[in-house]
$ cat start.cif   # mmCIF, C-alpha atoms
data_upload
loop_
_atom_site.label_atom_id
_atom_site.label_comp_id
_atom_site.auth_asym_id
_atom_site.auth_seq_id
_atom_site.Cartn_x
_atom_site.Cartn_y
_atom_site.Cartn_z
CA MET W 1 2.35 6.03 29.74
CA ASN W 2 0.93 2.57 30.30
CA ILE W 3 0.98 -0.04 27.52
CA ASP W 4 -2.75 -0.68 27.98
CA GLU W 5 -3.37 3.00 27.41
CA LEU W 6 -1.86 2.66 23.95
CA LYS W 7 -4.95 1.00 22.53
CA ASP W 8 -7.06 4.03 23.40
CA ILE W 9 -4.46 6.39 21.99
CA TRP W 10 -4.22 4.25 18.86
CA ASN W 11 -7.98 4.24 18.37
CA ASP W 12 -8.08 7.99 18.89
CA ASP W 13 -5.63 8.55 16.06
CA ILE W 14 -7.93 9.48 13.23
CA SER W 15 -5.91 11.24 10.58
CA HIS W 16 -7.86 13.44 8.25
CA GLU W 17 -4.83 14.47 6.28
CA THR W 18 -3.55 11.32 4.64
CA PRO W 19 -1.55 11.45 1.39
CA GLU W 20 -3.63 11.30 -1.76
CA ILE W 21 -4.07 7.77 -3.05
CA SER W 22 -2.57 7.31 -6.47
CA ILE W 23 -2.59 3.96 -8.22
CA GLU W 24 -0.35 5.40 -10.92
CA HIS W 25 2.41 5.40 -8.33
CA LYS W 26 5.47 3.77 -9.77
CA ASN W 27 7.88 1.94 -7.51
CA LYS W 28 10.38 4.23 -5.93
CA ILE W 29 13.61 2.70 -4.81
CA ASN W 30 12.50 1.93 -1.29
CA LEU W 31 12.18 -1.82 -1.49
CA PRO W 32 15.28 -4.05 -1.39
CA LEU W 33 14.14 -5.68 -4.60
CA GLU W 34 13.81 -2.36 -6.38
CA ASN W 35 17.26 -1.42 -5.20
CA MET W 36 18.68 -4.65 -6.54
CA ARG W 37 16.84 -4.24 -9.84
CA LYS W 38 18.38 -0.79 -10.16
CA ASN W 39 21.86 -2.20 -9.44
CA MET W 40 21.27 -4.96 -11.96
CA ARG W 41 20.29 -2.46 -14.66
CA MET W 42 23.38 -0.39 -13.87
CA GLU W 43 25.53 -3.50 -14.07
CA PHE W 44 23.98 -4.51 -17.39
CA TRP W 45 24.66 -1.12 -19.00
CA SER W 46 28.22 -0.96 -17.69
CA THR W 47 28.92 -4.50 -18.98
CA LEU W 48 27.54 -3.46 -22.37
CA GLY W 49 29.84 -0.43 -22.28
CA ILE W 50 32.85 -2.65 -21.52
CA PHE W 51 32.02 -4.90 -24.48
CA ILE W 52 31.70 -1.96 -26.87
CA PHE W 53 34.99 -0.58 -25.59
CA ALA W 54 36.68 -3.98 -26.02
CA PHE W 55 35.41 -4.33 -29.62
CA ALA W 56 36.59 -0.82 -30.45
CA LEU W 57 39.99 -1.51 -28.90
CA VAL W 58 40.46 -4.75 -30.86
CA SER W 59 39.44 -3.15 -34.16
CA LEU W 60 41.81 -0.22 -33.62
CA CYS W 61 44.87 -2.10 -32.43
CA GLU W 62 47.57 -3.18 -34.84
CA ALA W 63 47.71 -6.94 -34.63
CA PRO W 64 47.58 -9.94 -36.96
CA PHE W 65 44.16 -10.67 -38.49
CA LYS W 66 44.03 -14.11 -36.83
CA PHE W 67 44.52 -12.56 -33.37
CA LYS W 68 41.85 -9.90 -33.89
CA PHE W 69 39.45 -12.45 -35.34
CA TYR W 70 39.89 -14.88 -32.44
CA ILE W 71 39.46 -12.12 -29.86
CA ASP W 72 36.31 -10.91 -31.63
CA ILE W 73 34.87 -14.44 -31.59
CA LEU W 74 35.77 -14.71 -27.91
CA LEU W 75 34.10 -11.39 -27.12
CA ILE W 76 30.95 -12.42 -28.99
CA SER W 77 30.84 -15.68 -27.01
CA MET W 78 31.29 -13.74 -23.77
CA GLY W 79 28.50 -11.42 -24.89
CA ILE W 80 26.16 -14.37 -25.45
CA VAL W 81 26.95 -15.82 -22.01
CA THR W 82 26.47 -12.40 -20.39
CA PHE W 83 23.16 -11.88 -22.19
CA PHE W 84 21.97 -15.31 -21.04
CA PHE W 85 22.78 -14.61 -17.39
CA PHE W 86 21.35 -11.10 -17.37
CA SER W 87 18.11 -12.31 -18.96
CA LYS W 88 17.89 -14.87 -16.12
CA PHE W 89 18.59 -12.18 -13.48
CA PHE W 90 15.97 -9.83 -14.87
CA ARG W 91 13.35 -12.58 -15.15
CA LEU W 92 14.01 -13.72 -11.62
CA TYR W 93 13.77 -10.19 -10.20
CA LYS W 94 10.57 -9.57 -12.14
CA GLU W 95 8.86 -12.65 -10.72
CA MET W 96 10.19 -12.20 -7.20
CA SER W 97 8.29 -11.02 -4.13
CA ASN W 98 4.74 -11.85 -3.21
CA PRO W 99 3.43 -9.70 -0.33
CA VAL W 100 0.12 -11.61 -0.33
CA LEU W 101 1.73 -14.63 1.32
CA LYS W 102 1.88 -15.05 5.10
CA THR W 103 4.68 -12.88 6.45
CA TYR W 104 6.99 -15.79 7.27
CA ASP W 105 6.36 -17.47 3.90
CA ALA W 106 6.79 -14.18 2.02
CA LEU W 107 10.17 -13.56 3.64
CA LYS W 108 11.30 -17.15 3.16
CA ASP W 109 10.21 -17.13 -0.47
CA LEU W 110 12.05 -13.88 -1.08
CA LEU W 111 15.19 -15.17 0.59
CA GLN W 112 15.15 -18.40 -1.40
CA GLN W 113 14.79 -16.49 -4.65
CA LEU W 114 17.61 -14.16 -3.68
CA ASN W 115 19.85 -17.08 -2.79
CA LEU W 116 19.02 -18.68 -6.13
CA ASN W 117 20.05 -15.47 -7.76
CA LYS W 118 23.27 -15.53 -5.76
CA GLN W 119 24.07 -18.94 -7.26
CA TYR W 120 23.36 -17.59 -10.75
CA TYR W 121 25.70 -14.75 -9.98
CA LEU W 122 28.47 -17.06 -8.88
CA SER W 123 28.01 -19.18 -12.02
CA PHE W 124 28.13 -16.00 -14.10
CA TYR W 125 31.50 -15.07 -12.66
CA LEU W 126 32.91 -18.59 -12.94
CA SER W 127 31.79 -18.84 -16.56
CA PHE W 128 34.47 -16.26 -17.35
CA VAL W 129 37.30 -18.60 -16.33
CA PRO W 130 37.37 -20.58 -19.61
CA PHE W 131 37.27 -17.29 -21.51
CA LEU W 132 40.25 -16.07 -19.54
CA VAL W 133 42.16 -19.24 -20.43
CA CYS W 134 41.21 -18.94 -24.12
CA GLU W 135 42.30 -15.33 -24.20
CA LEU W 136 45.66 -16.28 -22.75
CA ILE W 137 46.15 -19.10 -25.25
CA ILE W 138 45.33 -16.70 -28.10
CA VAL W 139 47.82 -14.16 -26.79
CA ILE W 140 50.53 -16.80 -26.42
CA GLU W 141 49.89 -18.47 -29.78
CA CYS W 142 49.02 -15.57 -32.07
CA LEU W 143 51.15 -12.67 -30.97
CA PRO W 144 54.75 -12.66 -32.19
CA HIS W 145 57.38 -13.03 -29.47
CA ARG W 146 61.01 -11.96 -29.65
CA GLN W 147 62.10 -15.40 -28.50
CA PRO W 148 60.02 -18.57 -28.79
CA LEU W 149 58.47 -19.44 -25.43
CA SER W 150 59.57 -22.66 -23.80
CA ASP W 151 56.99 -25.30 -22.86
CA MET W 152 57.75 -24.71 -19.19
CA ARG W 153 57.20 -20.98 -19.50
CA ILE W 154 53.90 -21.49 -21.33
CA ALA W 155 52.71 -23.94 -18.69
CA THR W 156 53.78 -21.68 -15.81
CA THR W 157 52.17 -18.61 -17.37
CA LEU W 158 48.92 -20.42 -18.06
CA ILE W 159 48.60 -22.10 -14.67
CA SER W 160 49.50 -19.00 -12.67
CA ALA W 161 47.16 -16.85 -14.78
CA VAL W 162 44.30 -19.29 -14.18
CA LEU W 163 45.00 -19.38 -10.44
CA ILE W 164 45.33 -15.60 -10.13
CA GLY W 165 42.31 -15.11 -12.40
CA LEU W 166 40.19 -17.51 -10.38
CA PHE W 167 41.15 -15.87 -7.11
CA GLY W 168 40.59 -12.41 -8.58
CA LEU W 169 37.19 -13.30 -10.00
CA TYR W 170 36.15 -14.90 -6.70
CA LEU W 171 37.26 -11.88 -4.69
CA VAL W 172 35.82 -9.24 -7.02
CA GLY W 173 32.59 -11.20 -7.40
CA LYS W 174 32.20 -11.62 -3.66
CA LEU W 175 32.91 -7.96 -2.85
CA TRP W 176 30.76 -6.70 -5.69
CA PHE W 177 27.87 -8.93 -4.71
CA ARG W 178 28.13 -8.01 -1.04
CA HIS W 179 28.16 -4.31 -1.82
CA PHE W 180 25.28 -4.21 -4.25
CA TYR W 181 23.10 -7.15 -3.21
CA GLY W 182 24.40 -8.83 -0.06
CA LYS W 183 23.28 -6.17 2.42
CA HIS W 184 19.68 -6.57 1.26
CA ILE W 185 19.87 -10.34 1.54
CA THR W 186 21.28 -9.97 5.06
CA LYS W 187 18.38 -7.69 5.98
CA ILE W 188 15.83 -10.28 4.84
CA GLN W 189 17.81 -13.03 6.56
CA ASN W 190 17.80 -11.08 9.84
CA LEU W 191 14.06 -10.48 9.63
CA LEU W 192 13.47 -14.17 9.08
CA THR W 193 15.74 -15.08 12.00
CA GLU W 194 13.86 -12.60 14.17
CA LEU W 195 10.59 -14.30 13.27
CA GLU W 196 11.99 -17.80 13.81
CA LYS W 197 13.74 -17.39 17.16
CA MET D 1 -11.20 4.96 -14.79
CA THR D 2 -12.36 1.33 -15.15
CA PRO D 3 -15.06 -0.11 -12.80
CA SER D 4 -12.47 -2.36 -11.12
CA GLU D 5 -10.22 0.63 -10.47
CA GLN D 6 -13.17 2.51 -9.00
CA GLU D 7 -14.14 -0.47 -6.85
CA PHE D 8 -10.58 -0.74 -5.60
CA LEU D 9 -10.35 2.96 -4.82
CA ASN D 10 -13.64 2.83 -2.91
CA LYS D 11 -12.38 -0.07 -0.81
CA ILE D 12 -8.97 1.40 -0.16
CA GLU D 13 -10.47 4.78 0.69
CA LYS D 14 -12.19 3.18 3.70
CA HIS D 15 -8.88 1.81 4.94
CA LYS D 16 -6.48 4.59 4.10
CA GLY D 17 -6.41 5.71 7.74
CA ILE D 18 -5.02 2.37 8.87
CA ILE D 19 -2.47 2.30 6.03
CA PHE D 20 -1.31 5.70 7.18
CA LYS D 21 -1.06 4.51 10.77
CA ILE D 22 1.13 1.60 9.62
CA SER D 23 3.29 4.07 7.66
CA LYS D 24 3.71 6.14 10.82
CA MET D 25 4.65 3.06 12.83
CA TYR D 26 7.37 2.12 10.36
CA MET D 27 8.76 5.44 9.17
CA ASP D 28 9.64 8.42 11.34
CA GLU D 29 10.08 11.00 8.59
CA LYS D 30 7.32 12.53 6.54
CA ASP D 31 8.79 11.78 3.10
CA ASP D 32 9.41 8.15 3.99
CA ARG D 33 5.93 7.83 5.47
CA ASP D 34 4.36 9.19 2.32
CA ASP D 35 6.51 6.90 0.17
CA LEU D 36 5.55 3.88 2.26
CA PHE D 37 1.88 4.86 2.12
CA GLN D 38 2.04 4.99 -1.69
CA GLU D 39 4.06 1.79 -1.87
CA ILE D 40 1.50 -0.12 0.22
CA THR D 41 -1.34 1.23 -1.93
CA TYR D 42 0.57 0.22 -5.05
CA GLN D 43 1.29 -3.29 -3.75
CA VAL D 44 -2.36 -3.76 -2.74
CA TRP D 45 -3.46 -2.52 -6.17
CA LYS D 46 -1.10 -4.97 -7.90
CA ALA D 47 -2.37 -7.87 -5.78
CA TYR D 48 -6.06 -6.87 -5.94
CA PRO D 49 -6.97 -9.00 -9.03
CA GLY D 50 -5.95 -12.06 -6.98
CA PHE D 51 -8.19 -11.16 -4.02
CA ARG D 52 -10.84 -13.92 -3.86
CA GLY D 53 -12.72 -12.72 -0.82
CA GLN D 54 -11.78 -15.79 1.25
CA SER D 55 -10.95 -13.46 4.11
CA GLU D 56 -12.04 -9.94 5.02
CA PHE D 57 -10.61 -7.32 2.69
CA SER D 58 -9.16 -5.52 5.69
CA THR D 59 -7.34 -8.65 6.96
CA TRP D 60 -5.92 -9.28 3.50
CA LEU D 61 -4.89 -5.64 3.20
CA TYR D 62 -3.19 -5.57 6.62
CA ARG D 63 -1.04 -8.55 5.63
CA ILE D 64 0.14 -6.90 2.41
CA ALA D 65 0.66 -3.60 4.18
CA LEU D 66 2.80 -5.14 6.91
CA ASN D 67 4.74 -7.38 4.52
CA THR D 68 5.55 -4.31 2.45
CA ALA D 69 6.42 -2.16 5.47
CA ILE D 70 8.68 -4.83 7.00
CA VAL D 71 11.08 -4.84 4.03
CA PHE D 72 10.68 -1.16 3.16
CA LEU D 73 13.90 0.85 3.12
CA LYS D 74 14.35 4.41 4.21
CA SER D 75 15.22 6.60 1.28
CA GLU D 76 18.90 7.30 0.97
CA LYS D 77 18.51 10.95 0.05
CA LYS D 78 20.16 13.46 2.34
CA ARG D 79 18.11 14.84 5.16
CA SER D 80 18.27 18.30 6.62
CA PHE D 81 20.33 18.87 9.75
CA ILE D 82 17.19 19.78 11.65
CA GLY D 83 16.73 16.04 12.18
CA ASN D 84 13.60 14.02 12.57
CA GLU D 85 10.50 15.96 11.97
CA ASP D 86 7.87 15.34 14.58
CA PHE D 87 4.35 14.27 13.83
CA SER D 88 2.94 17.76 14.09
CA ASN D 89 2.52 17.87 10.33
CA TYR D 90 -0.32 15.47 10.72
CA LYS D 91 -2.26 17.07 13.52
CA ILE D 92 -5.86 16.19 13.68
CA ILE D 93 -8.04 18.96 12.41
CA GLN D 94 -10.31 19.84 15.26
CA ASP D 95 -12.14 22.88 16.42
CA GLU D 96 -10.38 22.62 19.72
CA TYR D 97 -6.83 21.42 19.36
CA ASP D 98 -6.08 18.65 21.84
CA HIS D 99 -2.46 19.10 22.92
CA GLU D 100 -2.45 16.30 25.43
CA LYS D 101 -3.72 13.81 22.90
CA GLU D 102 -1.18 14.91 20.31
CA GLU D 103 1.63 14.57 22.80
CA LYS D 104 0.53 11.05 23.64
CA LEU D 105 0.29 10.12 19.97
CA ASP D 106 3.70 11.59 19.32
CA LYS D 107 5.17 9.67 22.25
CA MET D 108 3.51 6.42 21.16
CA TYR D 109 4.75 6.58 17.56
CA LYS D 110 8.24 7.61 18.63
CA ALA D 111 8.40 4.62 20.97
CA ILE D 112 7.04 2.19 18.34
CA ASN D 113 9.53 3.56 15.82
CA GLN D 114 12.37 2.24 17.96
CA LEU D 115 11.21 -1.37 17.67
CA ASN D 116 12.44 -3.72 14.96
CA PRO D 117 10.13 -4.32 11.95
CA ILE D 118 8.87 -7.70 13.20
CA ASP D 119 8.04 -6.36 16.69
CA LYS D 120 6.19 -3.46 15.07
CA ALA D 121 3.98 -5.95 13.23
CA PHE D 122 3.10 -7.69 16.50
CA ILE D 123 2.35 -4.37 18.19
CA PHE D 124 0.10 -3.46 15.27
CA TYR D 125 -1.92 -6.66 15.70
CA TYR D 126 -2.07 -6.05 19.44
CA LEU D 127 -3.36 -2.52 18.97
CA GLU D 128 -5.88 -3.72 16.41
CA ASP D 129 -7.07 -6.41 18.86
CA PHE D 130 -6.34 -9.35 16.60
CA PRO D 131 -6.80 -12.76 18.29
CA GLY D 132 -3.70 -14.95 18.57
CA LYS D 133 -5.05 -17.48 16.07
CA GLU D 134 -5.56 -14.84 13.43
CA ILE D 135 -2.12 -13.33 14.03
CA ALA D 136 -0.62 -16.80 13.63
CA GLY D 137 -2.47 -17.12 10.32
CA GLN D 138 -1.27 -13.74 9.13
CA MET D 139 2.34 -14.20 10.19
CA GLY D 140 2.66 -17.88 9.28
CA ILE D 141 3.90 -19.02 12.70
CA SER D 142 2.36 -21.06 15.54
CA GLU D 143 0.02 -19.58 18.15
CA GLY D 144 2.54 -20.40 20.88
CA ASN D 145 5.20 -18.52 19.01
CA VAL D 146 2.82 -15.57 18.60
CA ARG D 147 2.28 -15.43 22.36
CA VAL D 148 6.02 -15.44 23.04
CA LYS D 149 6.80 -12.80 20.43
CA MET D 150 3.84 -10.65 21.37
CA ASN D 151 4.94 -10.57 25.01
CA ARG D 152 8.51 -9.82 23.97
CA ALA D 153 7.42 -6.96 21.71
CA LYS D 154 5.12 -5.52 24.39
CA ASN D 155 7.88 -5.71 27.00
CA LYS D 156 10.31 -3.93 24.71
CA LEU D 157 7.75 -1.22 24.06
CA LYS D 158 7.02 -0.94 27.79
CA ASP D 159 10.74 -0.50 28.48
CA ILE D 160 11.03 2.22 25.85
CA LEU D 161 7.99 4.05 27.22
CA ASN D 162 9.22 3.81 30.80
CA SER D 163 12.71 4.96 29.93
CA LYS D 164 11.42 8.33 28.80
#
$ encode --input "start.cif" --output "structure tokens"
Amino acid sequence: MNIDELKDIWNDDISHETPEISIEHKNKINLPLENMRKNMRMEFWSTLGIFIFAFALVSLCEAPFKFKFYIDILLISMGIVTFFFFSKFFRLYKEMSNPVLKTYDALKDLLQQLNLNKQYYLSFYLSFVPFLVCELIIVIECLPHRQPLSDMRIATTLISAVLIGLFGLYLVGKLWFRHFYGKHITKIQNLLTELEK
Amino acid sequence: MTPSEQEFLNKIEKHKGIIFKISKMYMDEKDDRDDLFQEITYQVWKAYPGFRGQSEFSTWLYRIALNTAIVFLKSEKKRSFIGNEDFSNYKIIQDEYDHEKEEKLDKMYKAINQLNPIDKAFIFYYLEDFPGKEIAGQMGISEGNVRVKMNRAKNKLKDILNSK
């Protein structure tokens, strides 16, 4: 088959049996954005579940009032931060994607928005570092210990916990993001590279 | 149905054939093709209030259709082991069934399906006889770049067709 022949074949393709047009069609999960929105919703509900579980655990455990109160305040603060970030994520995903733009601009716009979201995501994970430190201080200060902890031990515990926590958050955040969002960003990036080269 | 919905449906009805052809270029399985067809219609419907008539409706529609198709994902649901269904589900209804023509169509779409999404867009504009300047406007790249990419896409398609 010759490439010039294709135009005739193309023009001869008159389909009489096209699917029925329905403007009530709701987005199925076939667009990268829709997929990411779905992941984001799943992430939101699981985070909410973790918070509820944490509150229940704190209220049920036998610990001094001061400890339980501090942890509750900490959890509420974490909840506020989480709510703030998720509201940003959802708003960004809602406003994203404009297929009316020129193809190159549409892809570039989408990629920029996704990268912006990536930065939000990174900030979201890093915002948990101070909470981790606070939680540790509460545990050290409020829970009774058999022997009083030395200054050196407190310092070592805190510093190593922060370092391990930071590394853990970075690693989990990176893997999580790559699995649920990164592959779609890579796809858009590859399309853009294909158009640029 | 509101007058604007009716007006939209009338316009899209005239172009549904081309939307379906784009769906066939981008998706090789019936379910995915139907999903893409509906997705393009939906995206055009969402964007329609912003259509100011500065360009032909068809040109505007092609851009949205291709932009949607380029980033469209195949559904992740499990497929049967029978594999890719051929295009025989969409045979042209004719008094006399034209086997040769169907074979050629089948071969053409199967070859186009092997290209990457960007090359498919260029092949679409080639098949629709779009001038280089207009393609550059639609794709947002220079005319020189269009020429290079068009030739590259055509060569790839030629290679696929010749390899069979």
$ interface_residues --input "start.cif" --of "chain W" --to "chain D" --cutoff "10 Å" --atoms "only C-alpha atoms" --output "number ranges by chain"
W: 1-33, 35, 97-107, 184, 187-188, 191-192, 194-197
$ axis_aligned_box --input "start.cif" --around "region 114-130 of chain D" --padding-each-side "3 Å" --output "lines of an AutoDock Vina configuration file"
center_x = 2.7
center_y = -3.6
center_z = 15.7
size_x = 25.5
size_y = 17.6
size_z = 13.5
$ atom_distance --input "start.cif" --atom1 "CA of Ile80 (chain W)" --atom2 "CA of Met36 (chain W)"
22.5 Å
$ atom_distance --input "start.cif" --atom1 "CA of Ile185 (chain W)" --atom2 "CA of Phe89 (chain W)"
15.2 Å
$ atom_distance --input "start.cif" --atom1 "CA of Ser59 (chain W)" --atom2 "CA of Glu43 (chain W)"
24.4 Å
$ resolve_selection --input "start.cif" --expression "the PyMOL selection byres ((chain W and resi 129) around 12)" --output "list in words"
Met78, Leu122, Ser123, Phe124, Tyr125, Leu126, Ser127, Phe128, Pro130, Phe131, Leu132, Val133, Cys134, Glu135, Leu136, Leu158, Ile159, Ala161, Val162, Leu163, Ile164, Gly165, Leu166, Phe167, Gly168, Leu169 and Tyr170 of chain W
$ write_last_selection --input "start.cif" --atoms "C-alpha atoms" --output "CSV table (one decimal), in the frame of the given file"
chain,number,residue,atom,x,y,z
W,78,MET,CA,31.3,-13.7,-23.8
W,122,LEU,CA,28.5,-17.1,-8.9
W,123,SER,CA,28.0,-19.2,-12.0
W,124,PHE,CA,28.1,-16.0,-14.1
W,125,TYR,CA,31.5,-15.1,-12.7
W,126,LEU,CA,32.9,-18.6,-12.9
W,127,SER,CA,31.8,-18.8,-16.6
W,128,PHE,CA,34.5,-16.3,-17.4
W,130,PRO,CA,37.4,-20.6,-19.6
W,131,PHE,CA,37.3,-17.3,-21.5
W,132,LEU,CA,40.2,-16.1,-19.5
W,133,VAL,CA,42.2,-19.2,-20.4
W,134,CYS,CA,41.2,-18.9,-24.1
W,135,GLU,CA,42.3,-15.3,-24.2
W,136,LEU,CA,45.7,-16.3,-22.8
W,158,LEU,CA,48.9,-20.4,-18.1
W,159,ILE,CA,48.6,-22.1,-14.7
W,161,ALA,CA,47.2,-16.8,-14.8
W,162,VAL,CA,44.3,-19.3,-14.2
W,163,LEU,CA,45.0,-19.4,-10.4
W,164,ILE,CA,45.3,-15.6,-10.1
W,165,GLY,CA,42.3,-15.1,-12.4
W,166,LEU,CA,40.2,-17.5,-10.4
W,167,PHE,CA,41.2,-15.9,-7.1
W,168,GLY,CA,40.6,-12.4,-8.6
W,169,LEU,CA,37.2,-13.3,-10.0
W,170,TYR,CA,36.2,-14.9,-6.7
$ closest_residue --input "start.cif" --among "D:Ser23, D:Ser163, D:Asn151, D:Gln6" --to "Phe122 (chain D)" --atoms "only C-alpha atoms"
D:Asn151
$ resolve_selection --input "start.cif" --expression "the PyMOL selection byres ((chain W and resi 66-73) around 9)" --output "ChimeraX atom specification"
/W:54-55,58-59,61-65,74-78,135,138-139,141-143
$ write_last_selection --input "start.cif" --atoms "C-alpha atoms" --output "PDB file, in the coordinates of the input"
ATOM      1  CA  ALA W  54      36.680  -3.980 -26.020  1.00  0.00           C
ATOM      2  CA  PHE W  55      35.410  -4.330 -29.620  1.00  0.00           C
ATOM      3  CA  VAL W  58      40.460  -4.750 -30.860  1.00  0.00           C
ATOM      4  CA  SER W  59      39.440  -3.150 -34.160  1.00  0.00           C
ATOM      5  CA  CYS W  61      44.870  -2.100 -32.430  1.00  0.00           C
ATOM      6  CA  GLU W  62      47.570  -3.180 -34.840  1.00  0.00           C
ATOM      7  CA  ALA W  63      47.710  -6.940 -34.630  1.00  0.00           C
ATOM      8  CA  PRO W  64      47.580  -9.940 -36.960  1.00  0.00           C
ATOM      9  CA  PHE W  65      44.160 -10.670 -38.490  1.00  0.00           C
ATOM     10  CA  LEU W  74      35.770 -14.710 -27.910  1.00  0.00           C
ATOM     11  CA  LEU W  75      34.100 -11.390 -27.120  1.00  0.00           C
ATOM     12  CA  ILE W  76      30.950 -12.420 -28.990  1.00  0.00           C
ATOM     13  CA  SER W  77      30.840 -15.680 -27.010  1.00  0.00           C
ATOM     14  CA  MET W  78      31.290 -13.740 -23.770  1.00  0.00           C
ATOM     15  CA  GLU W 135      42.300 -15.330 -24.200  1.00  0.00           C
ATOM     16  CA  ILE W 138      45.330 -16.700 -28.100  1.00  0.00           C
ATOM     17  CA  VAL W 139      47.820 -14.160 -26.790  1.00  0.00           C
ATOM     18  CA  GLU W 141      49.890 -18.470 -29.780  1.00  0.00           C
ATOM     19  CA  CYS W 142      49.020 -15.570 -32.070  1.00  0.00           C
ATOM     20  CA  LEU W 143      51.150 -12.670 -30.970  1.00  0.00           C
TER      21      LEU W 143
END
$ closest_residue --input "start.cif" --among "W:Ala56, W:Ile50, W:Leu111, W:Tyr121" --to "Phe84 (chain W)" --atoms "all atoms listed in the file"
W:Tyr121
